[in-house]
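A.B. asks: Got a structure for you, questions after.
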4 protein chains.
Amino acid sequence: MSSTFGTNLKISIFGQSHSDSIGVVVDGFPAGFEIDMEELQEFMNRRAPGKSKNSTKRVERDKPEFLSGLVDDITCGAPLSAVIKNQDVRSQDYKEIEEVPRPGHADLTARVKYFGSEDYRGGGHFSGRLTAPLCIAGGIAIQMLREEGIEIKTRIVEIGGTKLKGSEETRQKKMDDIIAAVKKEGDSVGGIVECVISGVPAGLGHPMFDGIENRISQGIFGIPAIKGIEFGAGFDAARMKGSENNDEYIRDKEASSLDAELDSWITTKSNNAGGILGGITNGQDIVFRIAVKPTPSIAKEQNSVNYNTGEEVKLKVKGRHDPCIVPRVLPCVEAVAAIAILDYML
Amino acid sequence: MSSTFGTNLKISIFGQSHSDSIGVVVDGFPAGFEIDMEELQEFMNRRAPGKSKNSTKRVERDKPEFLSGLVDDITCGAPLSAVIKNQDVRSQDYKEIEEVPRPGHADLTARVKYFGSEDYRGGGHFSGRLTAPLCIAGGIAIQMLREEGIEIKTRIVEIGGTKLKGSEETRQKKMDDIIAAVKKEGDSVGGIVECVISGVPAGLGHPMFDGIENRISQGIFGIPAIKGIEFGAGFDAARMKGSENNDEYIRDKEASSLDAELDSWITTKSNNAGGILGGITNGQDIVFRIAVKPTPSIAKEQNSVNYNTGEEVKLKVKGRHDPCIVPRVLPCVEAVAAIAILDYML
Amino acid sequence: MSSTFGTNLKISIFGQSHSDSIGVVVDGFPAGFEIDMEELQEFMNRRAPGKSKNSTKRVERDKPEFLSGLVDDITCGAPLSAVIKNQDVRSQDYKEIEEVPRPGHADLTARVKYFGSEDYRGGGHFSGRLTAPLCIAGGIAIQMLREEGIEIKTRIVEIGGTKLKGSEETRQKKMDDIIAAVKKEGDSVGGIVECVISGVPAGLGHPMFDGIENRISQGIFGIPAIKGIEFGAGFDAARMKGSENNDEYIRDKEASSLDAELDSWITTKSNNAGGILGGITNGQDIVFRIAVKPTPSIAKEQNSVNYNTGEEVKLKVKGRHDPCIVPRVLPCVEAVAAIAILDYML
Amino acid sequence: MSSTFGTNLKISIFGQSHSDSIGVVVDGFPAGFEIDMEELQEFMNRRAPGKSKNSTKRVERDKPEFLSGLVDDITCGAPLSAVIKNQDVRSQDYKEIEEVPRPGHADLTARVKYFGSEDYRGGGHFSGRLTAPLCIAGGIAIQMLREEGIEIKTRIVEIGGTKLKGSEETRQKKMDDIIAAVKKEGDSVGGIVECVISGVPAGLGHPMFDGIENRISQGIFGIPAIKGIEFGAGFDAARMKGSENNDEYIRDKEASSLDAELDSWITTKSNNAGGILGGITNGQDIVFRIAVKPTPSIAKEQNSVNYNTGEEVKLKVKGRHDPCIVPRVLPCVEAVAAIAILDYML
């Protein structure tokens, strides 16, 4: 099913950009876990719009309202459900696209798929807004994984073709400049995000079609605007020799006993595999990078065609849009990674 | 499940490199389709080992034996099953790796996952040999798709870091030289493969987690040695501006009537989206590229650790191995693409 | 997953008896269908509590609030979600069962499964109240099936061991008397419900594990209190000879052409198969019957054990309960049947 | 998918009555389990044809040949696959039914479903013969469950409408007499089978759609000829009052500590629930009964219709058939029960 993800931990996402609400049902969270609601809200805020001067002006509180699955913030075993009301909706901005598909958006494919009954307002179910309920589920999964010693970190490694280097501050400054520049042009930029999952035990995953790469990539492409994913050395691995790319095994000198789990005393010199061999974790960090395309909604004039009249028309996309969504993608990537890994651990 | 792929067309792959046989069960092929067995065998041969002087010396006929699902080569609606006997097996080559994991292989992860009961011989269920049954299923799917006007083509765009250009002959020559050189060193190389699926109707796929990218990437990472995948402009999209990356819509001047399907008269100038928007096909070619890592089995000496003694040891991988598996990956990629697309069409 | 049902039409149910809300997400309804909201509400009302003098005194409006999936009551292809607020909740009635499991309820099994974190109030996620969101999904499916000429009817064939016969009025009277009698005793009764699905085309379903019986029974046991299901002649078939149970084929004299679908001109004399052979419909009515156990919540004193003290105690179940839930089960059975059949048709 | 069953333990069954082979793939057996091949063969023999004078004359060795998943009879974590060659095939017996559907069989539904390409010989994929691979998977699951202290027993409680009572010998004699009598008439009988699963821990299963009843019934209806299933008191529960049907809780006097699992010191007086409340086990025996219809293949003349000519014809079913398959159903029921329960435990 399209909007469902997971095996032992199954999330089901619903809502459209301009529907009454958006939300998520999570079936499979273990019972007895107390959610830190404050931390969850902070996580949600990282994704939420309207925070920076470069971000979309749409202001949403993105405060999850829990309908079920909890008793006093503790999971009770029943499916957890949460919704976020869509409040600051300006459907009139989308009047034009009822007839004219926006380049780079799913307007045309949605129209074909749903026979003209699609909810075109704000991108409908294809809107990036649907990543908010994803982050509810993922934000809780992150808290659960932390109890198992697993941490997930993301960072932007490249923006608009420029590699970000140096201190956190330098990187942020560089990024802001790039985004401000394209914003001025009425244009947008994409970027590359790296995710590192540390503390994962060896032996998670499966061979063939349900390995770590399969599962994470299935989830990641659920985030709008992602066009590529690579694990470990990724596309660069294709440019190395076997002797360069293979991660040689060494003995972890600090480990005391051979009777312990193999991954506690056999480690690797390098991590070109990104922590995964044969779809299964080897105890090293899981590392992957994703390509985020530039926001398709731009103020610049573009060519399109009117569905009804067949006329070729010029389109300037209205609505309140981010010139760069990459910073807001970070928590979404963490959410997918957490859901995928927690699922394997259940 | 690990070795199962698909929704309405479900394939289940079994076997180990040195088990009695390897095979596949396909549940969901439509009844009444006559398989062209000669064409299928030719397809299988493209993947089979032992054909070129640079390829592994293991000789397998890779001739599928059909156990069920057919009456006189015509699908009868019941699950189709086919096996290939493992004939030219030399398990003694793998004696050493019972105790010493090969870098870049799944030996260690398999051992952790299966508590030491894994079939280590020839990589067991993690062997590239398991792509043979994948190709049986995929080869039939390709024939079925052709009836719907859908064609799948793959080509190698880069080998060992060198982009292949020019005529077919020049490209082949260049590739052979690169592979021959690394073979001499006892080393290996990887490469990048591009796949183009043409003739796909608009409207296939789903939003979010069951879109074209999700499904194809889930399948593609089932092929051993794949470390990355990108659709359309892929990682390059992350380096473009929105105005460059967006595929503008134009009217197909040759299309006659506005009453026909939208994708018959609205087309795009470029195809940076790789034929997919919102997880759904837009009628343009589906285009994706994958990164194939260099064969991990190399003759060169590598460091590893003995499971039992804990000693650090030097390992030269024995067995008969390809210095470059990229050419043999092509039919596997086509197989996955065909299975994924046919599944959506059922 | 526990609270998810379906393949191409997937429903996901959430909520607890005393949570903020209960609801359902339906992924897979075809786009472009206009829901008759009035008819849906009437369908919901058949299941809703508080209507008859014999029914529970809990009053709930059971009015679905749609959060997504519709534009002006027309399905838009995105997952449909709907919730019902839990309004008339009296959690204090359930204080006692926090420590003492009610016989016949899932209190103890929920406690073991969820490690003591279960939501015990009103039966939590195990409450019959969760059939309300099932009826939202099913009520819409019924409307969609009607467009295909498929009708679903249920009736009570036995109540508290008494077969109901005669006119509608006589049957209702008989039933009311039986229920009134047990109510007086502080006891409860169950019954047997028959469901007939007419207008189903031949060829729906699959062999083995995804046939009509498999799918319907999987769904039906999702309704609390069901303890048995039989198709066609069911348990009586086990008492017949082959010559009596086999449904002989005859030619439908009114059918005109042999070129039409087989089921348009070959029919059966009897319908002991309940319209299903080999898991696949044969064009006759699908017929099944289910056993509904008596409501476990009774005012009569019962023996139980206190979880915390280990003491054996006497328990009189408080709360507002139906002495017989069989009439309210009817729309739930129709809902499951409709969801199962619609799923096959998509 | 039609021929696939299970979640964490997934079986995929293939083959037709007269195909080269029939077989099964099992994905999910834990690694490191040594199969007792002799015991497995004995289990297979209970289902195999050709053993008693009343049984079909078709003689098959039903000896599984393992293709993968084992190293020296020990599971290695890779999917286990096994096939049985179809040896004693007499396809000519089925010539007539190419044109004339046998009453009570899936001939007509298969033809409609597979557009006339169905393998009609011997019932194709719908044949009871397909329960042989089911028994391979189930026979191994039974051995694995025994290690966990779980035992599965079946017995015939009713044959051809006659309840079997008394000693094992009396029961067998009674049954033989009944079967011999119908055989003489060229007719057949069905019966009722009871299955008891003991030693199951409390807390297995899930609420709603993936509970014990849902899962077992989904599997059970995968066995041809089953028309009904009931759990615990089943249809009789519908005839009891709540005070009679509820299983009251008592304290198990022999249990020592309240700190242990609840089900070790809280037990029930009766077991009308059949060990399941809310879809979850309560630690009591799981009990269910199934209705097996009489073998549809009978020598007696029956009415049918020729597909091609439209003529009404008289049919005497040829081939070698059991006048009563109930005894052979027992291991199949045990197999399904074992697969379902083991799946929950993984």
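Within each chain, counting starts at residue 1; across the structure tokens, chains are named A, B, ... in the order shown, with ligands numbered 1 upward in that order.
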Per residue of chain A within 6 Å of chain B, note the shortest atom pair and the distance in Å to one decimal, counting only C-alpha atoms, and order the rows by chain and increasing residue number, as a tab-separated table.
C.D. replies:
```
residue	atom	partner	partner_atom	distance
A:Ser2	CA	B:Asp210	CA	4.5
A:Ser3	CA	B:Met208	CA	5.4
A:Pro103	CA	B:Glu248	CA	5.2
A:Gly104	CA	B:Asn246	CA	4.7
A:Ala106	CA	B:Leu277	CA	4.9
A:Thr109	CA	B:Asn282	CA	5.5
A:Val112	CA	B:Gly203	CA	5.5
A:Lys113	CA	B:Gly203	CA	4.6
A:Gly160	CA	B:Arg239	CA	4.6
A:Gly161	CA	B:Arg239	CA	4.0
A:Asp187	CA	B:Gly242	CA	5.9
A:Ser188	CA	B:Gly242	CA	4.9
A:Val189	CA	B:Lys241	CA	4.8
A:Gly190	CA	B:Ala238	CA	4.4
A:Gly191	CA	B:Ala238	CA	4.5
A:Gly203	CA	B:Lys113	CA	4.6
A:His206	CA	B:Ser2	CA	5.2
A:Pro207	CA	B:Ser2	CA	5.6
A:Met208	CA	B:Gly222	CA	4.1
A:Phe209	CA	B:Gly222	CA	4.7
A:Asp210	CA	B:Ser2	CA	4.5
A:Asn214	CA	B:Gln218	CA	4.3
A:Gln218	CA	B:Asn214	CA	4.3
A:Phe221	CA	B:Asn214	CA	5.5
A:Gly222	CA	B:Met208	CA	4.1
A:Lys227	CA	B:Gly234	CA	4.8
A:Gly228	CA	B:Glu230	CA	3.9
A:Ile229	CA	B:Ile229	CA	5.6
A:Glu230	CA	B:Gly228	CA	3.9
A:Phe231	CA	B:Lys227	CA	5.4
A:Gly234	CA	B:Lys227	CA	4.8
A:Phe235	CA	B:Ala291	CA	5.0
A:Ala237	CA	B:Lys293	CA	5.1
A:Ala238	CA	B:Gly190	CA	4.4
A:Arg239	CA	B:Gly161	CA	4.0
A:Lys241	CA	B:Val189	CA	4.8
A:Gly242	CA	B:Pro294	CA	4.9
A:Asn246	CA	B:Gly104	CA	4.7
A:Asp247	CA	B:Pro103	CA	5.6
A:Glu248	CA	B:Pro103	CA	5.2
A:Tyr249	CA	B:Ser304	CA	4.4
A:Ile250	CA	B:Ser304	CA	5.9
A:Leu277	CA	B:Ala106	CA	4.9
A:Gly278	CA	B:Ala106	CA	5.0
A:Ile280	CA	B:Thr109	CA	6.0
A:Asn282	CA	B:Thr109	CA	5.5
A:Ala291	CA	B:Phe235	CA	5.0
A:Val292	CA	B:Ala238	CA	5.3
A:Lys293	CA	B:Ala238	CA	4.6
A:Pro294	CA	B:Gly242	CA	4.9
A:Thr295	CA	B:Gly242	CA	5.9
A:Pro296	CA	B:Gly242	CA	5.5
A:Asn303	CA	B:Glu248	CA	5.4
A:Ser304	CA	B:Tyr249	CA	4.4
```
A.B. asks: Mind checking which residues fall within 8 Å of Glu151 of chain D, counting only C-alpha atoms, ignoring those fewer than 4 positions away in the same chain, and posting them as a list in words?
C.D. replies: Ile142, Leu145, Arg146, Ile197, Ser198 and Gly199 of chain D
A.B. asks: For the helix (DSSP H, G or I) assignment from backbone DSSP, which residues of segment 25-168 of chain B qualify? Please present them as a PyMOL selection string.
C.D. replies: chain B and resi 37-47+91-94+96-98+107-113+121-126+128-147+168
A.B. asks: If DSSP is run on the backbone, what residues of segment 59-224 of chain C are strand (DSSP E or B)? A reply as a PyMOL selection string would be ideal.
C.D. replies: chain C and resi 65-68+70-71+74-75+80-85+151-159+162-163+189+191-198+205
A.B. asks: Quick one, how far is atom CA of Pro331 of chain B from atom CA of Met44 of chain B?
C.D. replies: 7.9 Å
